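Everything below belongs to work11.cif, which stores mmCIF, N, CA and C atoms and all ligand atoms.
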data_final
#
loop_
_atom_site.label_atom_id
_atom_site.label_comp_id
_atom_site.auth_asym_id
_atom_site.auth_seq_id
_atom_site.Cartn_x
_atom_site.Cartn_y
_atom_site.Cartn_z
N MET A 1177 -14.21 15.38 48.38
CA MET A 1177 -12.98 16.14 48.60
C MET A 1177 -12.73 17.06 47.40
N ASP A 1178 -12.51 18.32 47.68
CA ASP A 1178 -12.22 19.25 46.60
C ASP A 1178 -10.78 19.71 46.75
N CYS A 1179 -9.92 19.22 45.88
CA CYS A 1179 -8.49 19.52 46.00
C CYS A 1179 -8.03 20.25 44.74
N LEU A 1180 -7.46 21.42 44.92
CA LEU A 1180 -7.01 22.22 43.79
C LEU A 1180 -6.02 21.45 42.90
N PHE A 1181 -5.05 20.80 43.51
CA PHE A 1181 -4.04 20.14 42.68
C PHE A 1181 -4.58 18.87 42.03
N CYS A 1182 -5.55 18.19 42.64
CA CYS A 1182 -6.23 17.10 41.93
C CYS A 1182 -6.95 17.65 40.71
N ARG A 1183 -7.53 18.83 40.84
CA ARG A 1183 -8.25 19.42 39.70
C ARG A 1183 -7.26 19.79 38.59
N ILE A 1184 -6.10 20.35 38.95
CA ILE A 1184 -5.10 20.69 37.93
C ILE A 1184 -4.59 19.42 37.25
N VAL A 1185 -4.26 18.41 38.06
CA VAL A 1185 -3.77 17.14 37.51
C VAL A 1185 -4.81 16.51 36.58
N GLY A 1186 -6.08 16.66 36.94
CA GLY A 1186 -7.16 16.09 36.13
C GLY A 1186 -7.66 17.01 35.03
N LYS A 1187 -6.94 18.14 34.83
CA LYS A 1187 -7.28 19.11 33.76
C LYS A 1187 -8.67 19.74 33.96
N LYS A 1188 -9.11 19.78 35.23
CA LYS A 1188 -10.39 20.44 35.54
C LYS A 1188 -10.15 21.90 35.94
N ALA A 1189 -8.90 22.24 36.17
CA ALA A 1189 -8.52 23.63 36.47
C ALA A 1189 -7.29 23.94 35.62
N PRO A 1190 -7.15 25.19 35.19
CA PRO A 1190 -6.04 25.52 34.29
C PRO A 1190 -4.71 25.66 35.02
N ALA A 1191 -3.64 25.40 34.30
CA ALA A 1191 -2.28 25.65 34.80
C ALA A 1191 -1.36 25.65 33.60
N LYS A 1192 -0.22 26.32 33.76
CA LYS A 1192 0.82 26.30 32.70
C LYS A 1192 1.64 25.04 32.91
N ILE A 1193 1.22 23.98 32.24
CA ILE A 1193 1.87 22.68 32.44
C ILE A 1193 3.19 22.63 31.67
N ILE A 1194 4.23 22.19 32.37
CA ILE A 1194 5.56 22.08 31.76
C ILE A 1194 5.72 20.69 31.14
N CYS A 1195 5.37 19.67 31.91
CA CYS A 1195 5.41 18.31 31.39
C CYS A 1195 4.64 17.41 32.34
N GLU A 1196 4.33 16.24 31.85
CA GLU A 1196 3.60 15.29 32.69
C GLU A 1196 3.94 13.88 32.25
N ASP A 1197 3.76 12.95 33.17
CA ASP A 1197 3.94 11.54 32.84
C ASP A 1197 2.92 10.75 33.64
N GLU A 1198 3.10 9.44 33.70
CA GLU A 1198 2.06 8.62 34.34
C GLU A 1198 1.99 8.83 35.85
N LYS A 1199 3.05 9.39 36.43
CA LYS A 1199 3.08 9.54 37.89
C LYS A 1199 2.90 10.97 38.39
N CYS A 1200 3.24 11.96 37.56
CA CYS A 1200 3.25 13.34 38.07
C CYS A 1200 3.00 14.36 36.97
N VAL A 1201 2.70 15.57 37.43
CA VAL A 1201 2.52 16.72 36.53
C VAL A 1201 3.37 17.86 37.09
N ALA A 1202 4.09 18.54 36.21
CA ALA A 1202 4.89 19.71 36.62
C ALA A 1202 4.27 20.94 35.97
N PHE A 1203 4.07 21.99 36.76
CA PHE A 1203 3.49 23.21 36.21
C PHE A 1203 4.06 24.43 36.91
N GLU A 1204 3.93 25.58 36.26
CA GLU A 1204 4.46 26.84 36.79
C GLU A 1204 3.65 27.28 38.01
N ASP A 1205 4.34 27.76 39.04
CA ASP A 1205 3.63 28.29 40.21
C ASP A 1205 2.93 29.59 39.80
N ILE A 1206 1.71 29.78 40.29
CA ILE A 1206 0.92 30.95 39.90
C ILE A 1206 1.47 32.24 40.52
N ALA A 1207 2.22 32.13 41.59
CA ALA A 1207 2.78 33.31 42.28
C ALA A 1207 4.28 33.07 42.49
N PRO A 1208 5.06 33.15 41.40
CA PRO A 1208 6.47 32.75 41.49
C PRO A 1208 7.27 33.58 42.48
N GLN A 1209 8.09 32.90 43.27
CA GLN A 1209 8.95 33.55 44.27
C GLN A 1209 10.39 33.68 43.77
N ALA A 1210 10.62 33.32 42.54
CA ALA A 1210 11.95 33.41 41.92
C ALA A 1210 11.74 33.38 40.41
N PRO A 1211 12.76 33.77 39.64
CA PRO A 1211 12.59 33.74 38.17
C PRO A 1211 12.14 32.37 37.66
N VAL A 1212 12.63 31.32 38.28
CA VAL A 1212 12.13 29.97 37.99
C VAL A 1212 11.41 29.48 39.25
N HIS A 1213 10.16 29.12 39.12
CA HIS A 1213 9.42 28.55 40.25
C HIS A 1213 8.31 27.68 39.68
N PHE A 1214 8.54 26.38 39.77
CA PHE A 1214 7.52 25.45 39.31
C PHE A 1214 7.29 24.39 40.38
N LEU A 1215 6.22 23.65 40.21
CA LEU A 1215 5.80 22.63 41.18
C LEU A 1215 5.77 21.28 40.47
N VAL A 1216 6.23 20.26 41.17
CA VAL A 1216 6.10 18.89 40.65
C VAL A 1216 5.15 18.16 41.60
N VAL A 1217 4.06 17.67 41.04
CA VAL A 1217 2.92 17.19 41.83
C VAL A 1217 2.59 15.76 41.43
N PRO A 1218 2.51 14.85 42.39
CA PRO A 1218 2.10 13.48 42.03
C PRO A 1218 0.63 13.46 41.62
N ARG A 1219 0.30 12.58 40.70
CA ARG A 1219 -1.12 12.41 40.34
C ARG A 1219 -1.91 11.88 41.54
N LYS A 1220 -1.25 11.08 42.35
CA LYS A 1220 -1.91 10.50 43.53
C LYS A 1220 -2.13 11.58 44.58
N HIS A 1221 -3.32 11.64 45.14
CA HIS A 1221 -3.58 12.61 46.22
C HIS A 1221 -2.98 12.11 47.52
N ILE A 1222 -2.00 12.86 48.02
CA ILE A 1222 -1.39 12.60 49.33
C ILE A 1222 -1.39 13.96 50.01
N ALA A 1223 -2.04 14.08 51.14
CA ALA A 1223 -2.30 15.41 51.71
C ALA A 1223 -1.02 16.10 52.19
N THR A 1224 -0.19 15.40 52.91
CA THR A 1224 1.08 15.99 53.39
C THR A 1224 2.15 14.90 53.35
N THR A 1225 3.38 15.29 53.53
CA THR A 1225 4.47 14.29 53.54
C THR A 1225 4.26 13.27 54.66
N LEU A 1226 3.51 13.66 55.68
CA LEU A 1226 3.29 12.74 56.80
C LEU A 1226 2.43 11.54 56.41
N GLU A 1227 1.71 11.67 55.31
CA GLU A 1227 0.86 10.56 54.84
C GLU A 1227 1.60 9.65 53.86
N LEU A 1228 2.87 9.91 53.58
CA LEU A 1228 3.61 9.05 52.65
C LEU A 1228 3.76 7.65 53.24
N GLY A 1229 3.49 6.65 52.41
CA GLY A 1229 3.63 5.27 52.86
C GLY A 1229 4.80 4.58 52.17
N ASP A 1230 5.06 3.35 52.60
CA ASP A 1230 6.14 2.56 51.98
C ASP A 1230 5.99 2.53 50.46
N GLU A 1231 4.76 2.44 50.01
CA GLU A 1231 4.50 2.30 48.57
C GLU A 1231 4.78 3.59 47.80
N ASP A 1232 5.02 4.69 48.51
CA ASP A 1232 5.25 5.98 47.85
C ASP A 1232 6.74 6.33 47.71
N GLU A 1233 7.61 5.48 48.21
CA GLU A 1233 9.04 5.84 48.23
C GLU A 1233 9.58 6.10 46.83
N SER A 1234 9.25 5.26 45.89
CA SER A 1234 9.79 5.49 44.54
C SER A 1234 9.12 6.70 43.89
N LEU A 1235 7.88 6.96 44.26
CA LEU A 1235 7.18 8.13 43.71
C LEU A 1235 7.91 9.42 44.12
N VAL A 1236 8.31 9.52 45.37
CA VAL A 1236 8.99 10.73 45.84
C VAL A 1236 10.33 10.88 45.11
N GLY A 1237 11.04 9.79 44.93
CA GLY A 1237 12.29 9.87 44.17
C GLY A 1237 12.05 10.34 42.75
N HIS A 1238 10.97 9.88 42.18
CA HIS A 1238 10.61 10.26 40.81
C HIS A 1238 10.37 11.77 40.72
N LEU A 1239 9.68 12.34 41.71
CA LEU A 1239 9.42 13.79 41.69
C LEU A 1239 10.73 14.56 41.63
N PHE A 1240 11.71 14.13 42.44
CA PHE A 1240 13.01 14.82 42.45
C PHE A 1240 13.72 14.68 41.10
N ARG A 1241 13.62 13.53 40.49
CA ARG A 1241 14.33 13.34 39.23
C ARG A 1241 13.68 14.13 38.10
N VAL A 1242 12.37 14.22 38.11
CA VAL A 1242 11.68 15.07 37.12
C VAL A 1242 12.08 16.52 37.34
N ALA A 1243 12.12 16.94 38.61
CA ALA A 1243 12.52 18.31 38.93
C ALA A 1243 13.94 18.59 38.42
N ASN A 1244 14.86 17.66 38.62
CA ASN A 1244 16.23 17.84 38.11
C ASN A 1244 16.25 18.06 36.61
N ARG A 1245 15.46 17.27 35.92
CA ARG A 1245 15.47 17.37 34.45
C ARG A 1245 14.94 18.73 34.00
N ILE A 1246 13.86 19.18 34.62
CA ILE A 1246 13.28 20.47 34.21
C ILE A 1246 14.24 21.61 34.60
N ALA A 1247 14.86 21.50 35.76
CA ALA A 1247 15.84 22.53 36.17
C ALA A 1247 16.95 22.63 35.13
N GLY A 1248 17.37 21.50 34.61
CA GLY A 1248 18.37 21.50 33.53
C GLY A 1248 17.84 22.18 32.29
N ASP A 1249 16.63 21.85 31.91
CA ASP A 1249 16.01 22.46 30.72
C ASP A 1249 15.90 23.97 30.89
N LYS A 1250 15.66 24.42 32.13
CA LYS A 1250 15.50 25.85 32.38
C LYS A 1250 16.81 26.54 32.72
N GLN A 1251 17.91 25.83 32.55
CA GLN A 1251 19.27 26.41 32.66
C GLN A 1251 19.62 26.86 34.08
N VAL A 1252 19.04 26.26 35.09
CA VAL A 1252 19.41 26.64 36.46
C VAL A 1252 20.13 25.52 37.20
N ALA A 1253 20.26 24.36 36.60
CA ALA A 1253 20.82 23.23 37.34
C ALA A 1253 22.26 23.50 37.78
N GLY A 1254 23.09 23.96 36.86
CA GLY A 1254 24.50 24.21 37.19
C GLY A 1254 24.68 25.36 38.16
N ARG A 1255 23.87 26.40 38.03
CA ARG A 1255 23.95 27.56 38.91
C ARG A 1255 23.52 27.22 40.32
N GLY A 1256 22.48 26.42 40.40
CA GLY A 1256 21.92 26.03 41.69
C GLY A 1256 20.46 26.35 41.77
N PHE A 1257 19.76 25.54 42.47
CA PHE A 1257 18.32 25.73 42.65
C PHE A 1257 17.92 25.06 43.95
N ARG A 1258 16.72 25.35 44.39
CA ARG A 1258 16.26 24.83 45.68
C ARG A 1258 14.98 24.03 45.49
N MET A 1259 14.91 22.91 46.20
CA MET A 1259 13.70 22.09 46.17
C MET A 1259 13.16 22.02 47.59
N VAL A 1260 11.87 22.30 47.71
CA VAL A 1260 11.23 22.43 49.03
C VAL A 1260 9.88 21.74 49.03
N MET A 1261 9.60 21.03 50.10
CA MET A 1261 8.23 20.56 50.36
C MET A 1261 7.84 21.07 51.74
N ASN A 1262 6.79 21.84 51.80
CA ASN A 1262 6.31 22.37 53.08
C ASN A 1262 5.30 21.40 53.68
N THR A 1263 5.43 21.17 54.96
CA THR A 1263 4.51 20.27 55.66
C THR A 1263 3.81 21.00 56.80
N ASN A 1264 2.49 21.14 56.65
CA ASN A 1264 1.63 21.70 57.70
C ASN A 1264 1.81 23.21 57.90
N PRO A 1265 0.93 23.82 58.68
CA PRO A 1265 0.81 25.29 58.66
C PRO A 1265 2.07 26.07 59.01
N GLU A 1266 2.81 25.65 60.00
CA GLU A 1266 3.95 26.47 60.41
C GLU A 1266 5.04 26.51 59.35
N ALA A 1267 5.06 25.55 58.48
CA ALA A 1267 6.00 25.57 57.36
C ALA A 1267 5.45 26.34 56.17
N GLY A 1268 4.16 26.72 56.24
CA GLY A 1268 3.56 27.49 55.16
C GLY A 1268 2.82 26.67 54.14
N GLN A 1269 2.51 25.41 54.46
CA GLN A 1269 1.75 24.62 53.48
C GLN A 1269 0.34 25.20 53.35
N SER A 1270 -0.05 25.47 52.11
CA SER A 1270 -1.38 26.04 51.88
C SER A 1270 -2.24 25.14 51.00
N VAL A 1271 -1.62 24.27 50.22
CA VAL A 1271 -2.37 23.31 49.40
C VAL A 1271 -2.04 21.92 49.93
N TYR A 1272 -3.10 21.22 50.37
CA TYR A 1272 -2.89 19.93 51.04
C TYR A 1272 -2.97 18.77 50.05
N HIS A 1273 -2.03 18.83 49.11
CA HIS A 1273 -1.73 17.75 48.15
C HIS A 1273 -0.24 17.96 47.90
N ILE A 1274 0.58 17.01 48.28
CA ILE A 1274 2.04 17.27 48.30
C ILE A 1274 2.53 17.76 46.94
N HIS A 1275 3.53 18.62 47.02
CA HIS A 1275 4.11 19.21 45.81
C HIS A 1275 5.54 19.62 46.13
N LEU A 1276 6.41 19.37 45.17
CA LEU A 1276 7.80 19.77 45.30
C LEU A 1276 7.96 21.13 44.63
N HIS A 1277 8.31 22.15 45.43
CA HIS A 1277 8.63 23.46 44.87
C HIS A 1277 10.04 23.40 44.30
N VAL A 1278 10.25 23.98 43.14
CA VAL A 1278 11.59 24.12 42.57
C VAL A 1278 11.79 25.59 42.25
N LEU A 1279 12.79 26.18 42.92
CA LEU A 1279 13.05 27.62 42.79
C LEU A 1279 14.48 27.84 42.31
N GLY A 1280 14.64 28.78 41.37
CA GLY A 1280 15.98 29.06 40.89
C GLY A 1280 16.01 30.37 40.11
N GLY A 1281 17.20 30.68 39.62
CA GLY A 1281 17.37 31.89 38.83
C GLY A 1281 17.75 33.10 39.64
N ARG A 1282 17.91 32.94 40.93
CA ARG A 1282 18.44 33.99 41.79
C ARG A 1282 19.14 33.32 42.97
N ARG A 1283 19.93 34.11 43.71
CA ARG A 1283 20.60 33.54 44.88
C ARG A 1283 19.58 33.27 45.98
N MET A 1284 19.63 32.08 46.53
CA MET A 1284 18.73 31.71 47.62
C MET A 1284 19.37 32.03 48.96
N HIS A 1285 18.55 32.36 49.92
CA HIS A 1285 19.06 32.71 51.25
C HIS A 1285 18.99 31.51 52.19
N TRP A 1286 19.91 31.51 53.14
CA TRP A 1286 19.89 30.47 54.17
C TRP A 1286 20.26 31.11 55.49
N PRO A 1287 19.57 30.92 56.59
CA PRO A 1287 18.40 30.04 56.67
C PRO A 1287 17.21 30.61 55.94
N PRO A 1288 16.31 29.74 55.48
CA PRO A 1288 15.12 30.23 54.76
C PRO A 1288 14.20 30.95 55.73
N GLY A 1289 13.41 31.85 55.23
CA GLY A 1289 12.53 32.66 56.08
C GLY A 1289 11.31 31.88 56.51
P1 LIG B 1301 2.47 25.62 49.67
O1 LIG B 1301 2.16 26.96 50.28
O2 LIG B 1301 1.35 24.64 49.94
O3 LIG B 1301 3.81 25.07 50.00
O4 LIG B 1301 2.53 25.89 48.12
C1 LIG B 1301 1.39 26.07 47.34
C2 LIG B 1301 1.84 26.76 46.09
O5 LIG B 1301 0.82 26.63 45.12
C3 LIG B 1301 2.11 28.25 46.26
O6 LIG B 1301 3.44 28.55 45.87
C4 LIG B 1301 1.06 28.92 45.38
O7 LIG B 1301 1.53 30.08 44.73
C5 LIG B 1301 0.72 27.83 44.40
N1 LIG B 1301 -0.64 27.89 43.90
C6 LIG B 1301 -1.77 28.12 44.63
N2 LIG B 1301 -2.85 28.10 43.84
C7 LIG B 1301 -2.39 27.85 42.58
C8 LIG B 1301 -3.06 27.71 41.32
O8 LIG B 1301 -4.28 27.80 41.18
N3 LIG B 1301 -2.27 27.45 40.24
C9 LIG B 1301 -0.91 27.32 40.36
N4 LIG B 1301 -0.23 27.10 39.23
N5 LIG B 1301 -0.26 27.46 41.52
C10 LIG B 1301 -0.99 27.71 42.62
ZN ZN B 1302 -5.31 16.30 45.65
#
Go ahead and render the structure in this file as structure tokens.
Ligand code: 5GP
Ligand code: ZN
Amino acid sequence: MDCLFCRIVGKKAPAKIICEDEKCVAFEDIAPQAPVHFLVVPRKHIATTLELGDEDESLVGHLFRVANRIAGDKQVAGRGFRMVMNTNPEAGQSVYHIHLHVLGGRRMHWPPG
């Protein structure tokens, strides 16, 4: 299996890493859609949210809490920011290793496009 985000997590591919811990790595999105746009990625390879198991529940919560902390560090927490996980093609998923998008620094639109 050749997975881009497994390679980034394993330091086999470059990325602007913001922080990492034993469960996840956060790095800047290569094609930012907002002034702040980073990804929080579990070290564990999980292809889509549909593959999440009982054992992954705390991992998903952890991704959100890491995202909150970085959003605070980047001064967008109080203003507002958006967290998104895309699942499968119609939602626009292009990398099949789950990742939490965190977007901020501009007004977000609703409904999303
Ligand atoms: P998806 O479309 O799967 O929801 O999101 C994949 C995201 O990964 C996109 O926002 C895309 O810009 C980002 N991305 C794709 N390839 C790379 C890469 O090599 N490095 C980084 N940092 N981000 C990437
Ligand atoms: Zn992977």
Restrict the calculation to all atoms listed in the file, then for each residue of region 1184-1222 of chain A with any atom at most 5 Å from an atom of region 1265-1280 of chain A give the closest atom pair and their distance in Å to one decimal, rows by chain and rising residue number, as a Markdown table.
| residue | atom | partner | partner_atom | distance |
| --- | --- | --- | --- | --- |
| A:Pro1211 | N | A:Gly1280 | C | 4.7 |
| A:Val1212 | C | A:Gly1280 | N | 3.9 |
| A:His1213 | CA | A:Val1278 | C | 4.3 |
| A:Phe1214 | C | A:Val1278 | N | 4.1 |
| A:Leu1215 | CA | A:Leu1276 | C | 4.3 |
| A:Val1216 | N | A:Leu1276 | C | 4.0 |
| A:Val1217 | CA | A:His1275 | CA | 4.6 |
| A:Ile1222 | C | A:Ile1274 | N | 4.0 |
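Here the alpha helix (DSSP H) residues in region 1204-1268 of chain A, by DSSP on the backbone, are Glu1233, Ser1234, Leu1235, Val1236, Gly1237, His1238, Leu1239, Phe1240, Arg1241, Val1242, Ala1243, Asn1244, Arg1245, Ile1246, Ala1247, Gly1248 and Asp1249 of chain A.
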Those residues you just picked out, can you put them in a file as an mmCIF file, in the coordinates of the input with N, CA and C atoms?
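Ended up saving to again_38.cif:
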data_model
loop_
_atom_site.group_PDB
_atom_site.id
_atom_site.type_symbol
_atom_site.label_atom_id
_atom_site.label_comp_id
_atom_site.auth_asym_id
_atom_site.auth_seq_id
_atom_site.Cartn_x
_atom_site.Cartn_y
_atom_site.Cartn_z
ATOM 1 N N GLU A 1233 7.610 5.480 48.210
ATOM 2 C CA GLU A 1233 9.040 5.840 48.230
ATOM 3 C C GLU A 1233 9.580 6.100 46.830
ATOM 4 N N SER A 1234 9.250 5.260 45.890
ATOM 5 C CA SER A 1234 9.790 5.490 44.540
ATOM 6 C C SER A 1234 9.120 6.700 43.890
ATOM 7 N N LEU A 1235 7.880 6.960 44.260
ATOM 8 C CA LEU A 1235 7.180 8.130 43.710
ATOM 9 C C LEU A 1235 7.910 9.420 44.120
ATOM 10 N N VAL A 1236 8.310 9.520 45.370
ATOM 11 C CA VAL A 1236 8.990 10.730 45.840
ATOM 12 C C VAL A 1236 10.330 10.880 45.110
ATOM 13 N N GLY A 1237 11.040 9.790 44.930
ATOM 14 C CA GLY A 1237 12.290 9.870 44.170
ATOM 15 C C GLY A 1237 12.050 10.340 42.750
ATOM 16 N N HIS A 1238 10.970 9.880 42.180
ATOM 17 C CA HIS A 1238 10.610 10.260 40.810
ATOM 18 C C HIS A 1238 10.370 11.770 40.720
ATOM 19 N N LEU A 1239 9.680 12.340 41.710
ATOM 20 C CA LEU A 1239 9.420 13.790 41.690
ATOM 21 C C LEU A 1239 10.730 14.560 41.630
ATOM 22 N N PHE A 1240 11.710 14.130 42.440
ATOM 23 C CA PHE A 1240 13.010 14.820 42.450
ATOM 24 C C PHE A 1240 13.720 14.680 41.100
ATOM 25 N N ARG A 1241 13.620 13.530 40.490
ATOM 26 C CA ARG A 1241 14.330 13.340 39.230
ATOM 27 C C ARG A 1241 13.680 14.130 38.100
ATOM 28 N N VAL A 1242 12.370 14.220 38.110
ATOM 29 C CA VAL A 1242 11.680 15.070 37.120
ATOM 30 C C VAL A 1242 12.080 16.520 37.340
ATOM 31 N N ALA A 1243 12.120 16.940 38.610
ATOM 32 C CA ALA A 1243 12.520 18.310 38.930
ATOM 33 C C ALA A 1243 13.940 18.590 38.420
ATOM 34 N N ASN A 1244 14.860 17.660 38.620
ATOM 35 C CA ASN A 1244 16.230 17.840 38.110
ATOM 36 C C ASN A 1244 16.250 18.060 36.610
ATOM 37 N N ARG A 1245 15.460 17.270 35.920
ATOM 38 C CA ARG A 1245 15.470 17.370 34.450
ATOM 39 C C ARG A 1245 14.940 18.730 34.000
ATOM 40 N N ILE A 1246 13.860 19.180 34.620
ATOM 41 C CA ILE A 1246 13.280 20.470 34.210
ATOM 42 C C ILE A 1246 14.240 21.610 34.600
ATOM 43 N N ALA A 1247 14.860 21.500 35.760
ATOM 44 C CA ALA A 1247 15.840 22.530 36.170
ATOM 45 C C ALA A 1247 16.950 22.630 35.130
ATOM 46 N N GLY A 1248 17.370 21.500 34.610
ATOM 47 C CA GLY A 1248 18.370 21.500 33.530
ATOM 48 C C GLY A 1248 17.840 22.180 32.290
ATOM 49 N N ASP A 1249 16.630 21.850 31.910
ATOM 50 C CA ASP A 1249 16.010 22.460 30.720
ATOM 51 C C ASP A 1249 15.900 23.970 30.890
#
**Message:** Under the rule that only N, CA and C atoms and all ligand atoms are counted, which of A:Ala1223, A:Ala1189, A:Asn1244, A:Asp1205 is the nearest residue to ligand ZN 1302 (chain B)?
**Reply:** A:Ala1223
For the interface of chain A with ligand ZN 1302 (chain B) (cut-off 6 Å, counting only C-alpha atoms and all ligand atoms), please tabulate each contacting residue of chain A alongside its nearest pair of atoms and their separation in Å to one decimal, rows sorted by chain and increasing number, as CSV.
residue,atom,partner,partner_atom,distance
A:Cys1179,CA,B:ZN1302,ZN,4.5
A:Phe1181,CA,B:ZN1302,ZN,5.0
A:Cys1182,CA,B:ZN1302,ZN,3.9
A:His1221,CA,B:ZN1302,ZN,4.1
A:His1273,CA,B:ZN1302,ZN,4.6
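Atom pair CA of Asn1264 (chain A) / CA of Val1236 (chain A): separated by 17.8 Å.
Rounded to one decimal, atom C of Lys1187 (chain A) and atom N of Arg1241 (chain A) lie 24.0 Å from each other.
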**Request:** Write out as a PyMOL selection string all residues of chain A that DSSP puts in strand (DSSP E or B) for this structure's backbone.
**Result:** chain A and resi 1193-1196+1200-1204+1212-1218+1257-1260+1276-1280
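Each of A:Arg1255, A:Lys1250, A:Lys1192, A:Arg1219 was compared to ligand LIG 1301 (chain B) using all atoms listed in the file, and A:Lys1192 turns out to be the nearest.
If you measure from each of A:Thr1224, A:Ser1234, A:Asn1262, A:Gln1251 to ligand LIG 1301 (chain B) using all atoms listed in the file, the closest one turns out to be A:Asn1262.
Distances to ligand LIG 1301 (chain B) were evaluated for A:Ala1207, A:Ala1243, A:Val1201, A:Leu1226 using only C-alpha atoms and all ligand atoms, and the minimum falls at A:Ala1207.
For the residues A:Asp1232, A:Arg1183, A:Glu1204, A:Ile1193, ranking by smallest atom-to-atom distance to ligand LIG 1301 (chain B) using all atoms listed in the file places A:Glu1204 first.
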**Asked** Using all atoms listed in the file, which of A:Gly1186, A:Pro1287, A:Pro1218, A:Gly1281 sits nearest Leu1239 (chain A)?
**Response** A:Pro1218
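Atom N of Phe1203 (chain A) is found 13.5 Å from atom P1 of ligand LIG 1301 (chain B).
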Step by step, gather every atom of region 1179-1196 of chain A that the file lists, find the box along x, y and z that holds them, add 5 Å on each side, and finally give centre and edge lengths in Å to one decimal, as lines of an AutoDock Vina configuration file.
center_x = -2.3
center_y = 20.1
center_z = 38.6
size_x = 26.1
size_y = 22.4
size_z = 24.9
